[in-house]
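Colleague: The structure follows.
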Amino acid sequence: MWSNISAAPFLLTGFPGLEAAHHWISIPFFAIYISVLLGNGTLLYLIKDDHNLHEPMYYFLAMLAGTDLTVTLTTMPTVMAVLWVNHREIRHGACFLQAYIIHSLSIVESGVLLAMSYDRFVAICTPLHYNSILTNSRVIAIGLGVVLRGFLSLVPPILPLFWFSYCRSHVLSHAFCLHQDVMKLACADITFNRIYPVVLVALTFFLDALIIVFSYVLILKTVMGIASGEERAKALNTCVSHISCVLVFYITVIGLTFIHRFGKNAPHVVHITMSYVYFLFPPFMNPIIYSIKTKQIQRSVLHLLSV
């Protein structure tokens, strides 16, 4: 059953036709990777170190930063190996594990954004009960639920990859492994692997997005009922960072989906570039958004720099 793991390795792909420029392309990629690591690593350190940030909102932010950090550390080694030294080979087991982590963390990120919208909903719609509803134990339970949903839901489509035979080309279309790429190389019945991800996306990304929109409709309704214009602005301002992160995440998801579904005639490099945007843009932007829009984070950064 597991004999395929020792078969010929898969071959990762950088930017086809631009192999001579891979060293130059690696420069912005490396800069972005370092920025992502520093930005999200700093957020995690600040939330751990500053007792003023020991609140549910920032615990969820720490989960978001941790998710972004992990997905970056998962893709960075193979991407940079391809761009720097043209090391393209990856063993089946390592490839399937990378795909599993990447896809699981995408669902985890969607779940974290949903949890953060719930936090804002409770803070604005039932402020007097905020501390009694979002206790530390409940925040931990929500966090565990989000992580388990992401990692357990990806077991069914990833597990069959181990016993599929791969008698076609072993060349993947990215510098990291994705389920849809590996699945297409299998010489087996992949009907389940085609249908399951569609259902999973509908029950996670799509459903999460609908609940987030609905929660903000209720938040807006509550805010409009506040008599003071200053208080209304203050309440909405606490949501700006989260709304920005939601938009960054879901716009990249929609963009990637649109390119894959309707961009059949687009150059292959466009598809590859969009996948990198999807995996790098949200982790790059999230720390910037929260550093610019959240005063508590700004104060913690200034305090860190002054030490």
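Residue numbers start at 1 in each chain; chains themselves are named A, B, ... in the order of the structure tokens; ligands are numbered from 1 in the order shown.
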Could you name the residues that touch Leu154 of chain A at 9 Å or less, counting only C-alpha atoms, but leaving out those on the same chain fewer than 4 positions away, as a PyMOL selection string?
Modeller: chain A and resi 100-101+103-104+149-150+158-159+197+200
Colleague: For those residues, write C-alpha atoms to a file as an mmCIF file, in the first residue's frame.
Modeller:
data_model
loop_
_atom_site.group_PDB
_atom_site.id
_atom_site.type_symbol
_atom_site.label_atom_id
_atom_site.label_comp_id
_atom_site.auth_asym_id
_atom_site.auth_seq_id
_atom_site.Cartn_x
_atom_site.Cartn_y
_atom_site.Cartn_z
ATOM 1 C CA TYR A 100 -1.526 18.436 4.087
ATOM 2 C CA ILE A 101 -0.082 21.245 6.226
ATOM 3 C CA HIS A 103 -4.281 23.085 2.934
ATOM 4 C CA SER A 104 -5.064 22.457 6.609
ATOM 5 C CA ARG A 149 -11.444 21.275 11.961
ATOM 6 C CA GLY A 150 -8.605 22.289 9.662
ATOM 7 C CA ILE A 158 -4.571 13.427 1.530
ATOM 8 C CA LEU A 159 -4.501 9.832 2.788
ATOM 9 C CA PRO A 197 -12.401 19.469 -1.864
ATOM 10 C CA LEU A 200 -15.022 21.094 1.878
#
Colleague: Find the spatial neighbours of segment 210-221 of chain A, counting only C-alpha atoms, within a cut-off of 10 Å - ignore same-chain residues fewer than 6 positions away - and output them as a count of residues only.
Modeller: 19
Colleague: So which one's closest to Leu69 of chain A, A:Ser275, A:Ser306, A:Asn193, A:Asn286? Using only C-alpha atoms, please.
Modeller: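 Of A:Ser275, A:Ser306, A:Asn193, A:Asn286, the one nearest Leu69 of chain A, counting only C-alpha atoms, is A:Asn286.
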Colleague: Give me, as a PyMOL selection string, all polymer residues having an atom no more than 12 Å from Ala233 of chain A, counting only C-alpha atoms and skipping those fewer than 5 positions away in the same chain.
Modeller: chain A and resi 124+220+223-224+226-228+238-240
Colleague: Keeping C-alpha atoms, export the residues of the selection given above as an mmCIF file, in the first residue's frame.
Modeller:
data_model
loop_
_atom_site.group_PDB
_atom_site.id
_atom_site.type_symbol
_atom_site.label_atom_id
_atom_site.label_comp_id
_atom_site.auth_asym_id
_atom_site.auth_seq_id
_atom_site.Cartn_x
_atom_site.Cartn_y
_atom_site.Cartn_z
ATOM 1 C CA ILE A 124 -19.911 45.365 20.387
ATOM 2 C CA LEU A 220 -23.580 47.471 12.029
ATOM 3 C CA VAL A 223 -23.578 50.463 16.056
ATOM 4 C CA MET A 224 -26.257 52.445 14.189
ATOM 5 C CA ILE A 226 -25.650 54.137 19.367
ATOM 6 C CA ALA A 227 -26.686 57.756 19.863
ATOM 7 C CA SER A 228 -23.211 59.316 20.057
ATOM 8 C CA THR A 238 -12.148 48.361 16.615
ATOM 9 C CA CYS A 239 -13.327 46.294 13.609
ATOM 10 C CA VAL A 240 -11.240 47.961 10.887
#
Colleague: What parts of segment 94-187 of chain A does DSSP call helix (DSSP H, G or I)? I'd like the answer as an mmCIF file with N, CA, C and O atoms, in the first residue's frame.
Modeller:
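Full text of result.cif as output:
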data_model
loop_
_atom_site.group_PDB
_atom_site.id
_atom_site.type_symbol
_atom_site.label_atom_id
_atom_site.label_comp_id
_atom_site.auth_asym_id
_atom_site.auth_seq_id
_atom_site.Cartn_x
_atom_site.Cartn_y
_atom_site.Cartn_z
ATOM 1 N N ALA A 94 7.227 13.471 1.876
ATOM 2 C CA ALA A 94 7.449 14.886 2.225
ATOM 3 C C ALA A 94 6.477 15.780 1.466
ATOM 4 O O ALA A 94 5.965 16.767 2.017
ATOM 5 N N CYS A 95 6.206 15.431 0.216
ATOM 6 C CA CYS A 95 5.298 16.211 -0.618
ATOM 7 C C CYS A 95 3.876 16.162 -0.062
ATOM 8 O O CYS A 95 3.209 17.193 0.071
ATOM 9 N N PHE A 96 3.412 14.954 0.288
ATOM 10 C CA PHE A 96 2.052 14.801 0.816
ATOM 11 C C PHE A 96 1.914 15.522 2.162
ATOM 12 O O PHE A 96 0.875 16.134 2.441
ATOM 13 N N LEU A 97 2.951 15.459 2.978
ATOM 14 C CA LEU A 97 2.920 16.145 4.276
ATOM 15 C C LEU A 97 2.855 17.654 4.081
ATOM 16 O O LEU A 97 2.099 18.356 4.764
ATOM 17 N N GLN A 98 3.638 18.170 3.130
ATOM 18 C CA GLN A 98 3.614 19.605 2.854
ATOM 19 C C GLN A 98 2.234 20.041 2.370
ATOM 20 O O GLN A 98 1.696 21.055 2.834
ATOM 21 N N ALA A 99 1.647 19.278 1.451
ATOM 22 C CA ALA A 99 0.306 19.598 0.945
ATOM 23 C C ALA A 99 -0.712 19.573 2.079
ATOM 24 O O ALA A 99 -1.584 20.459 2.173
ATOM 25 N N TYR A 100 -0.597 18.573 2.955
ATOM 26 C CA TYR A 100 -1.526 18.436 4.087
ATOM 27 C C TYR A 100 -1.455 19.660 4.997
ATOM 28 O O TYR A 100 -2.486 20.231 5.382
ATOM 29 N N ILE A 101 -0.250 20.094 5.329
ATOM 30 C CA ILE A 101 -0.082 21.245 6.226
ATOM 31 C C ILE A 101 -0.580 22.527 5.557
ATOM 32 O O ILE A 101 -1.304 23.319 6.175
ATOM 33 N N ILE A 102 -0.222 22.725 4.292
ATOM 34 C CA ILE A 102 -0.622 23.939 3.575
ATOM 35 C C ILE A 102 -2.139 24.074 3.517
ATOM 36 O O ILE A 102 -2.710 25.126 3.875
ATOM 37 N N HIS A 103 -2.822 23.016 3.080
ATOM 38 C CA HIS A 103 -4.281 23.085 2.934
ATOM 39 C C HIS A 103 -4.986 23.153 4.288
ATOM 40 O O HIS A 103 -5.982 23.873 4.434
ATOM 41 N N SER A 104 -4.465 22.419 5.267
ATOM 42 C CA SER A 104 -5.064 22.457 6.609
ATOM 43 C C SER A 104 -4.998 23.864 7.193
ATOM 44 O O SER A 104 -5.969 24.368 7.761
ATOM 45 N N LEU A 105 -3.840 24.509 7.035
ATOM 46 C CA LEU A 105 -3.657 25.851 7.600
ATOM 47 C C LEU A 105 -4.506 26.896 6.884
ATOM 48 O O LEU A 105 -4.880 27.909 7.483
ATOM 49 N N SER A 106 -4.823 26.670 5.621
ATOM 50 C CA SER A 106 -5.730 27.584 4.919
ATOM 51 C C SER A 106 -7.106 27.562 5.568
ATOM 52 O O SER A 106 -7.741 28.605 5.761
ATOM 53 N N ILE A 107 -7.576 26.356 5.925
ATOM 54 C CA ILE A 107 -8.874 26.231 6.594
ATOM 55 C C ILE A 107 -8.786 26.778 8.018
ATOM 56 O O ILE A 107 -9.724 27.413 8.509
ATOM 57 N N VAL A 108 -7.654 26.543 8.681
ATOM 58 C CA VAL A 108 -7.454 27.099 10.022
ATOM 59 C C VAL A 108 -7.524 28.625 9.974
ATOM 60 O O VAL A 108 -8.183 29.254 10.817
ATOM 61 N N GLU A 109 -6.872 29.239 8.971
ATOM 62 C CA GLU A 109 -6.884 30.704 8.871
ATOM 63 C C GLU A 109 -8.295 31.239 8.684
ATOM 64 O O GLU A 109 -8.682 32.231 9.302
ATOM 65 N N SER A 110 -9.077 30.567 7.833
ATOM 66 C CA SER A 110 -10.468 30.963 7.645
ATOM 67 C C SER A 110 -11.234 30.859 8.962
ATOM 68 O O SER A 110 -12.020 31.744 9.316
ATOM 69 N N GLY A 111 -10.983 29.790 9.708
ATOM 70 C CA GLY A 111 -11.639 29.602 10.998
ATOM 71 C C GLY A 111 -11.237 30.644 12.029
ATOM 72 O O GLY A 111 -12.068 31.091 12.828
ATOM 73 N N VAL A 112 -9.962 31.024 12.028
ATOM 74 C CA VAL A 112 -9.488 32.062 12.955
ATOM 75 C C VAL A 112 -10.162 33.402 12.647
ATOM 76 O O VAL A 112 -10.580 34.126 13.561
ATOM 77 N N LEU A 113 -10.275 33.738 11.375
ATOM 78 C CA LEU A 113 -10.952 34.983 10.982
ATOM 79 C C LEU A 113 -12.413 34.958 11.415
ATOM 80 O O LEU A 113 -12.970 35.980 11.823
ATOM 81 N N LEU A 114 -13.043 33.777 11.341
ATOM 82 C CA LEU A 114 -14.424 33.631 11.824
ATOM 83 C C LEU A 114 -14.481 33.839 13.332
ATOM 84 O O LEU A 114 -15.369 34.551 13.834
ATOM 85 N N ALA A 115 -13.532 33.237 14.066
ATOM 86 C CA ALA A 115 -13.487 33.397 15.519
ATOM 87 C C ALA A 115 -13.285 34.871 15.898
ATOM 88 O O ALA A 115 -13.873 35.363 16.872
ATOM 89 N N MET A 116 -12.461 35.567 15.132
ATOM 90 C CA MET A 116 -12.206 36.988 15.405
ATOM 91 C C MET A 116 -13.460 37.823 15.153
ATOM 92 O O MET A 116 -13.703 38.816 15.856
ATOM 93 N N SER A 117 -14.274 37.428 14.177
ATOM 94 C CA SER A 117 -15.526 38.159 13.935
ATOM 95 C C SER A 117 -16.501 37.920 15.090
ATOM 96 O O SER A 117 -17.254 38.815 15.478
ATOM 97 N N TYR A 118 -16.477 36.702 15.648
ATOM 98 C CA TYR A 118 -17.311 36.402 16.820
ATOM 99 C C TYR A 118 -16.880 37.251 18.008
ATOM 100 O O TYR A 118 -17.721 37.792 18.749
ATOM 101 N N ASP A 119 -15.566 37.402 18.172
ATOM 102 C CA ASP A 119 -15.027 38.253 19.237
ATOM 103 C C ASP A 119 -15.534 39.684 19.101
ATOM 104 O O ASP A 119 -15.978 40.298 20.065
ATOM 105 N N ARG A 120 -15.494 40.232 17.891
ATOM 106 C CA ARG A 120 -15.970 41.603 17.661
ATOM 107 C C ARG A 120 -17.484 41.703 17.869
ATOM 108 O O ARG A 120 -17.985 42.707 18.378
ATOM 109 N N PHE A 121 -18.204 40.657 17.461
ATOM 110 C CA PHE A 121 -19.664 40.640 17.638
ATOM 111 C C PHE A 121 -20.016 40.713 19.125
ATOM 112 O O PHE A 121 -20.867 41.519 19.542
ATOM 113 N N VAL A 122 -19.368 39.885 19.946
ATOM 114 C CA VAL A 122 -19.638 39.873 21.386
ATOM 115 C C VAL A 122 -19.226 41.196 22.017
ATOM 116 O O VAL A 122 -19.957 41.760 22.847
ATOM 117 N N ALA A 123 -18.061 41.736 21.610
ATOM 118 C CA ALA A 123 -17.538 42.979 22.204
ATOM 119 C C ALA A 123 -18.465 44.165 21.931
ATOM 120 O O ALA A 123 -18.602 45.050 22.791
ATOM 121 N N ILE A 124 -19.096 44.202 20.765
ATOM 122 C CA ILE A 124 -19.911 45.365 20.387
ATOM 123 C C ILE A 124 -21.394 45.156 20.692
ATOM 124 O O ILE A 124 -22.072 46.081 21.157
ATOM 125 N N CYS A 125 -21.903 43.941 20.470
ATOM 126 C CA CYS A 125 -23.335 43.700 20.649
ATOM 127 C C CYS A 125 -23.713 43.355 22.092
ATOM 128 O O CYS A 125 -24.826 43.657 22.530
ATOM 129 N N PRO A 127 -21.455 44.009 25.138
ATOM 130 C CA PRO A 127 -20.205 44.403 25.819
ATOM 131 C C PRO A 127 -20.177 44.070 27.309
ATOM 132 O O PRO A 127 -19.111 43.758 27.855
ATOM 133 N N LEU A 128 -21.342 44.121 27.984
ATOM 134 C CA LEU A 128 -21.370 43.868 29.423
ATOM 135 C C LEU A 128 -21.106 42.396 29.749
ATOM 136 O O LEU A 128 -20.708 42.057 30.872
ATOM 137 N N HIS A 129 -21.332 41.521 28.773
ATOM 138 C CA HIS A 129 -21.140 40.086 29.009
ATOM 139 C C HIS A 129 -19.879 39.563 28.325
ATOM 140 O O HIS A 129 -19.660 38.347 28.292
ATOM 141 N N TYR A 130 -19.068 40.471 27.785
ATOM 142 C CA TYR A 130 -17.891 40.066 27.005
ATOM 143 C C TYR A 130 -16.965 39.146 27.798
ATOM 144 O O TYR A 130 -16.605 38.054 27.338
ATOM 145 N N ASN A 131 -16.597 39.555 29.022
ATOM 146 C CA ASN A 131 -15.645 38.778 29.831
ATOM 147 C C ASN A 131 -16.230 37.452 30.313
ATOM 148 O O ASN A 131 -15.490 36.475 30.494
ATOM 149 N N SER A 132 -17.546 37.417 30.511
ATOM 150 C CA SER A 132 -18.167 36.171 30.973
ATOM 151 C C SER A 132 -18.386 35.185 29.825
ATOM 152 O O SER A 132 -18.423 33.972 30.034
ATOM 153 N N ILE A 133 -18.528 35.705 28.593
ATOM 154 C CA ILE A 133 -18.726 34.836 27.420
ATOM 155 C C ILE A 133 -17.381 34.328 26.903
ATOM 156 O O ILE A 133 -17.189 33.130 26.711
ATOM 157 N N ASN A 136 -11.086 32.544 29.204
ATOM 158 C CA ASN A 136 -9.867 31.900 28.676
ATOM 159 C C ASN A 136 -10.137 30.469 28.223
ATOM 160 O O ASN A 136 -9.636 30.029 27.182
ATOM 161 N N SER A 137 -10.932 29.732 29.013
ATOM 162 C CA SER A 137 -11.234 28.341 28.659
ATOM 163 C C SER A 137 -12.041 28.270 27.358
ATOM 164 O O SER A 137 -11.826 27.360 26.540
ATOM 165 N N ARG A 138 -12.948 29.221 27.159
ATOM 166 C CA ARG A 138 -13.750 29.213 25.924
ATOM 167 C C ARG A 138 -12.899 29.606 24.715
ATOM 168 O O ARG A 138 -13.069 29.052 23.633
ATOM 169 N N VAL A 139 -11.988 30.545 24.913
ATOM 170 C CA VAL A 139 -11.077 30.933 23.826
ATOM 171 C C VAL A 139 -10.214 29.736 23.421
ATOM 172 O O VAL A 139 -10.020 29.471 22.228
ATOM 173 N N ILE A 140 -9.712 28.983 24.424
ATOM 174 C CA ILE A 140 -8.905 27.788 24.139
ATOM 175 C C ILE A 140 -9.739 26.754 23.381
ATOM 176 O O ILE A 140 -9.266 26.134 22.421
ATOM 177 N N ALA A 141 -11.002 26.574 23.809
ATOM 178 C CA ALA A 141 -11.887 25.601 23.155
ATOM 179 C C ALA A 141 -12.146 25.991 21.702
ATOM 180 O O ALA A 141 -12.123 25.132 20.805
ATOM 181 N N ILE A 142 -12.383 27.283 21.468
ATOM 182 C CA ILE A 142 -12.605 27.761 20.098
ATOM 183 C C ILE A 142 -11.351 27.543 19.262
ATOM 184 O O ILE A 142 -11.428 27.064 18.123
ATOM 185 N N GLY A 143 -10.188 27.872 19.845
ATOM 186 C CA GLY A 143 -8.917 27.695 19.137
ATOM 187 C C GLY A 143 -8.673 26.243 18.767
ATOM 188 O O GLY A 143 -8.304 25.928 17.625
ATOM 189 N N LEU A 144 -8.906 25.335 19.716
ATOM 190 C CA LEU A 144 -8.723 23.904 19.452
ATOM 191 C C LEU A 144 -9.688 23.411 18.384
ATOM 192 O O LEU A 144 -9.326 22.613 17.504
ATOM 193 N N GLY A 145 -10.936 23.902 18.458
ATOM 194 C CA GLY A 145 -11.942 23.525 17.467
ATOM 195 C C GLY A 145 -11.543 23.945 16.066
ATOM 196 O O GLY A 145 -11.687 23.180 15.102
ATOM 197 N N VAL A 146 -11.011 25.166 15.947
ATOM 198 C CA VAL A 146 -10.570 25.688 14.651
ATOM 199 C C VAL A 146 -9.420 24.852 14.088
ATOM 200 O O VAL A 146 -9.419 24.493 12.898
ATOM 201 N N VAL A 147 -8.441 24.535 14.945
ATOM 202 C CA VAL A 147 -7.274 23.752 14.505
ATOM 203 C C VAL A 147 -7.691 22.336 14.121
ATOM 204 O O VAL A 147 -7.277 21.818 13.067
ATOM 205 N N LEU A 148 -8.513 21.695 14.956
ATOM 206 C CA LEU A 148 -8.945 20.319 14.677
ATOM 207 C C LEU A 148 -9.774 20.255 13.397
ATOM 208 O O LEU A 148 -9.627 19.320 12.606
ATOM 209 N N ARG A 149 -10.646 21.247 13.192
ATOM 210 C CA ARG A 149 -11.444 21.275 11.961
ATOM 211 C C ARG A 149 -10.539 21.305 10.747
ATOM 212 O O ARG A 149 -10.748 20.569 9.772
ATOM 213 N N GLY A 150 -9.507 22.152 10.797
ATOM 214 C CA GLY A 150 -8.605 22.289 9.662
ATOM 215 C C GLY A 150 -7.821 21.023 9.389
ATOM 216 O O GLY A 150 -7.776 20.541 8.248
ATOM 217 N N PHE A 151 -7.236 20.431 10.435
ATOM 218 C CA PHE A 151 -6.338 19.292 10.224
ATOM 219 C C PHE A 151 -7.077 17.967 10.034
ATOM 220 O O PHE A 151 -6.617 17.114 9.275
ATOM 221 N N LEU A 152 -8.231 17.785 10.673
ATOM 222 C CA LEU A 152 -8.981 16.537 10.494
ATOM 223 C C LEU A 152 -9.702 16.500 9.150
ATOM 224 O O LEU A 152 -9.818 15.436 8.532
ATOM 225 N N SER A 153 -10.181 17.653 8.685
ATOM 226 C CA SER A 153 -10.945 17.682 7.430
ATOM 227 C C SER A 153 -10.074 17.399 6.207
ATOM 228 O O SER A 153 -10.590 17.049 5.145
ATOM 229 N N VAL A 155 -7.607 15.061 6.197
ATOM 230 C CA VAL A 155 -7.128 13.676 6.197
ATOM 231 C C VAL A 155 -7.740 12.858 5.051
ATOM 232 O O VAL A 155 -7.010 12.154 4.334
ATOM 233 N N PRO A 156 -9.063 12.909 4.820
ATOM 234 C CA PRO A 156 -9.669 12.069 3.758
ATOM 235 C C PRO A 156 -9.088 12.259 2.360
ATOM 236 O O PRO A 156 -8.840 11.260 1.671
ATOM 237 N N PRO A 157 -8.818 13.499 1.885
ATOM 238 C CA PRO A 157 -8.258 13.610 0.532
ATOM 239 C C PRO A 157 -6.749 13.370 0.459
ATOM 240 O O PRO A 157 -6.233 12.975 -0.584
ATOM 241 N N ILE A 158 -6.032 13.586 1.556
ATOM 242 C CA ILE A 158 -4.571 13.427 1.530
ATOM 243 C C ILE A 158 -4.170 11.965 1.680
ATOM 244 O O ILE A 158 -3.240 11.494 1.016
ATOM 245 N N LEU A 159 -4.872 11.220 2.521
ATOM 246 C CA LEU A 159 -4.501 9.832 2.788
ATOM 247 C C LEU A 159 -4.435 8.966 1.522
ATOM 248 O O LEU A 159 -3.470 8.198 1.354
ATOM 249 N N PRO A 160 -5.415 9.053 0.602
ATOM 250 C CA PRO A 160 -5.339 8.222 -0.609
ATOM 251 C C PRO A 160 -4.109 8.496 -1.475
ATOM 252 O O PRO A 160 -3.691 7.616 -2.235
ATOM 253 N N LEU A 161 -3.522 9.687 -1.359
ATOM 254 C CA LEU A 161 -2.341 10.010 -2.169
ATOM 255 C C LEU A 161 -1.201 9.038 -1.900
ATOM 256 O O LEU A 161 -0.380 8.767 -2.779
ATOM 257 N N PHE A 162 -1.149 8.482 -0.673
ATOM 258 C CA PHE A 162 -0.069 7.574 -0.302
ATOM 259 C C PHE A 162 -0.124 6.255 -1.064
ATOM 260 O O PHE A 162 0.902 5.635 -1.298
ATOM 261 N N HIS A 179 -2.518 19.572 -3.172
ATOM 262 C CA HIS A 179 -3.321 18.369 -3.402
ATOM 263 C C HIS A 179 -3.776 18.259 -4.850
ATOM 264 O O HIS A 179 -3.666 17.201 -5.472
ATOM 265 N N GLN A 180 -4.280 19.362 -5.411
ATOM 266 C CA GLN A 180 -4.810 19.316 -6.773
ATOM 267 C C GLN A 180 -3.730 19.008 -7.810
ATOM 268 O O GLN A 180 -4.011 18.393 -8.840
ATOM 269 N N ASP A 181 -2.499 19.425 -7.542
ATOM 270 C CA ASP A 181 -1.380 19.138 -8.451
ATOM 271 C C ASP A 181 -1.014 17.653 -8.425
ATOM 272 O O ASP A 181 -0.871 17.018 -9.461
ATOM 273 N N VAL A 182 -0.853 17.126 -7.206
ATOM 274 C CA VAL A 182 -0.453 15.729 -7.045
ATOM 275 C C VAL A 182 -1.549 14.799 -7.563
ATOM 276 O O VAL A 182 -1.268 13.805 -8.251
ATOM 277 N N MET A 183 -2.784 15.136 -7.247
ATOM 278 C CA MET A 183 -3.929 14.312 -7.637
ATOM 279 C C MET A 183 -3.980 14.068 -9.153
ATOM 280 O O MET A 183 -4.251 12.957 -9.608
ATOM 281 N N LYS A 184 -3.662 15.096 -9.928
ATOM 282 C CA LYS A 184 -3.732 14.993 -11.392
ATOM 283 C C LYS A 184 -2.680 14.046 -11.962
ATOM 284 O O LYS A 184 -2.804 13.593 -13.101
#
Colleague: For atom CA of Asp50 of chain A and atom CA of Ile288 of chain A, quote the distance in Å rounded to one decimal.
Modeller: 18.5 Å
Colleague: Nearest residue to Phe15 of chain A out of A:Asn237, A:Thr222, A:Asn265, A:Asn86, using only C-alpha atoms?
Modeller: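 Closest candidate: A:Asn86.
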Colleague: Using only C-alpha atoms, pick whichever of A:Ile254, A:Tyr58, A:Leu18, A:His23 has the shortest atom-to-atom distance to Ala209 of chain A.
Modeller: A:Ile254
Colleague: Extract, using only C-alpha atoms, all DNA, RNA and protein residues at most 7 Å from Phe164 of chain A, discarding same-chain residues fewer than 6 positions from it, and format them as a ChimeraX atom specification.
Modeller: /A:186-188
Colleague: Take the residues from that selection and put them in a file with all heavy atoms, as a PDB file, in the first residue's frame.
Modeller:
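The result, stored in selection.pdb:
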ATOM      1  N   ALA A 186      -1.906  11.142 -10.613  1.00  0.00           N
ATOM      2  CA  ALA A 186      -2.198   9.766 -10.191  1.00  0.00           C
ATOM      3  C   ALA A 186      -2.834   8.954 -11.316  1.00  0.00           C
ATOM      4  O   ALA A 186      -3.666   9.458 -12.072  1.00  0.00           O
ATOM      5  CB  ALA A 186      -3.123   9.787  -8.982  1.00  0.00           C
ATOM      6  N   CYS A 187      -2.417   7.693 -11.424  1.00  0.00           N
ATOM      7  CA  CYS A 187      -3.036   6.748 -12.370  1.00  0.00           C
ATOM      8  C   CYS A 187      -4.024   5.914 -11.570  1.00  0.00           C
ATOM      9  O   CYS A 187      -3.785   4.731 -11.280  1.00  0.00           O
ATOM     10  CB  CYS A 187      -1.974   5.864 -13.011  1.00  0.00           C
ATOM     11  SG  CYS A 187      -0.787   6.800 -13.971  1.00  0.00           S
ATOM     12  N   ALA A 188      -5.122   6.557 -11.160  1.00  0.00           N
ATOM     13  CA  ALA A 188      -6.112   5.903 -10.309  1.00  0.00           C
ATOM     14  C   ALA A 188      -7.428   6.665 -10.423  1.00  0.00           C
ATOM     15  O   ALA A 188      -7.493   7.735 -11.038  1.00  0.00           O
ATOM     16  CB  ALA A 188      -5.613   5.890  -8.862  1.00  0.00           C
TER      17      ALA A 188
END
Colleague: Name all residues at most 7 Å from Ile90 of chain A (count only C-alpha atoms; drop same-chain ones fewer than 2 positions away) and give them as number ranges by chain.
Modeller: A: 9-11, 88, 92, 94-95
Colleague: One decimal, in Å: what's the spacing between atom CA of Val71 of chain A and atom CA of Phe279 of chain A?
Modeller: 7.8 Å
Colleague: Please provide the set of residues having any atom within 6 Å of segment 31-40 of chain A, restricted to only C-alpha atoms, with same-chain residues fewer than 3 positions apart removed, written as a short mmCIF file (atom, residue, chain, number, x, y, z; two decimals) with all heavy atoms, in the first residue's frame.
Modeller:
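Full text of selection28.cif as output:
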data_model
loop_
_atom_site.label_atom_id
_atom_site.label_comp_id
_atom_site.auth_asym_id
_atom_site.auth_seq_id
_atom_site.Cartn_x
_atom_site.Cartn_y
_atom_site.Cartn_z
N PRO A 28 13.23 39.24 -4.22
CA PRO A 28 11.99 39.71 -3.59
C PRO A 28 11.30 38.62 -2.77
O PRO A 28 10.69 38.93 -1.73
CB PRO A 28 11.12 40.16 -4.77
CG PRO A 28 11.71 39.51 -5.98
CD PRO A 28 13.17 39.37 -5.69
N LEU A 43 4.64 39.97 16.34
CA LEU A 43 3.28 39.98 16.91
C LEU A 43 3.14 38.94 18.01
O LEU A 43 2.60 39.22 19.09
CB LEU A 43 2.24 39.70 15.81
CG LEU A 43 1.69 40.89 15.02
CD1 LEU A 43 0.62 40.41 14.04
CD2 LEU A 43 1.12 41.97 15.93
N ALA A 65 -1.37 34.94 13.54
CA ALA A 65 0.07 35.12 13.28
C ALA A 65 0.79 33.77 13.28
O ALA A 65 1.66 33.52 12.44
CB ALA A 65 0.68 36.04 14.34
N PRO A 283 -0.19 36.68 4.86
CA PRO A 283 0.79 36.67 5.96
C PRO A 283 1.67 37.91 6.00
O PRO A 283 2.12 38.33 7.08
CB PRO A 283 1.64 35.43 5.68
CG PRO A 283 0.80 34.56 4.84
CD PRO A 283 -0.02 35.49 4.01
N PHE A 284 1.92 38.51 4.82
CA PHE A 284 2.73 39.72 4.75
C PHE A 284 1.94 40.94 5.25
O PHE A 284 2.48 41.78 5.97
CB PHE A 284 3.17 39.95 3.30
CG PHE A 284 3.96 41.22 3.08
CD1 PHE A 284 5.28 41.32 3.49
CD2 PHE A 284 3.38 42.31 2.46
CE1 PHE A 284 6.00 42.49 3.29
CE2 PHE A 284 4.08 43.48 2.25
CZ PHE A 284 5.40 43.58 2.67
N PRO A 287 0.30 41.50 9.77
CA PRO A 287 1.01 42.25 10.81
C PRO A 287 1.05 43.75 10.54
O PRO A 287 0.97 44.56 11.48
CB PRO A 287 2.44 41.66 10.77
CG PRO A 287 2.31 40.36 10.07
CD PRO A 287 1.20 40.52 9.10
#
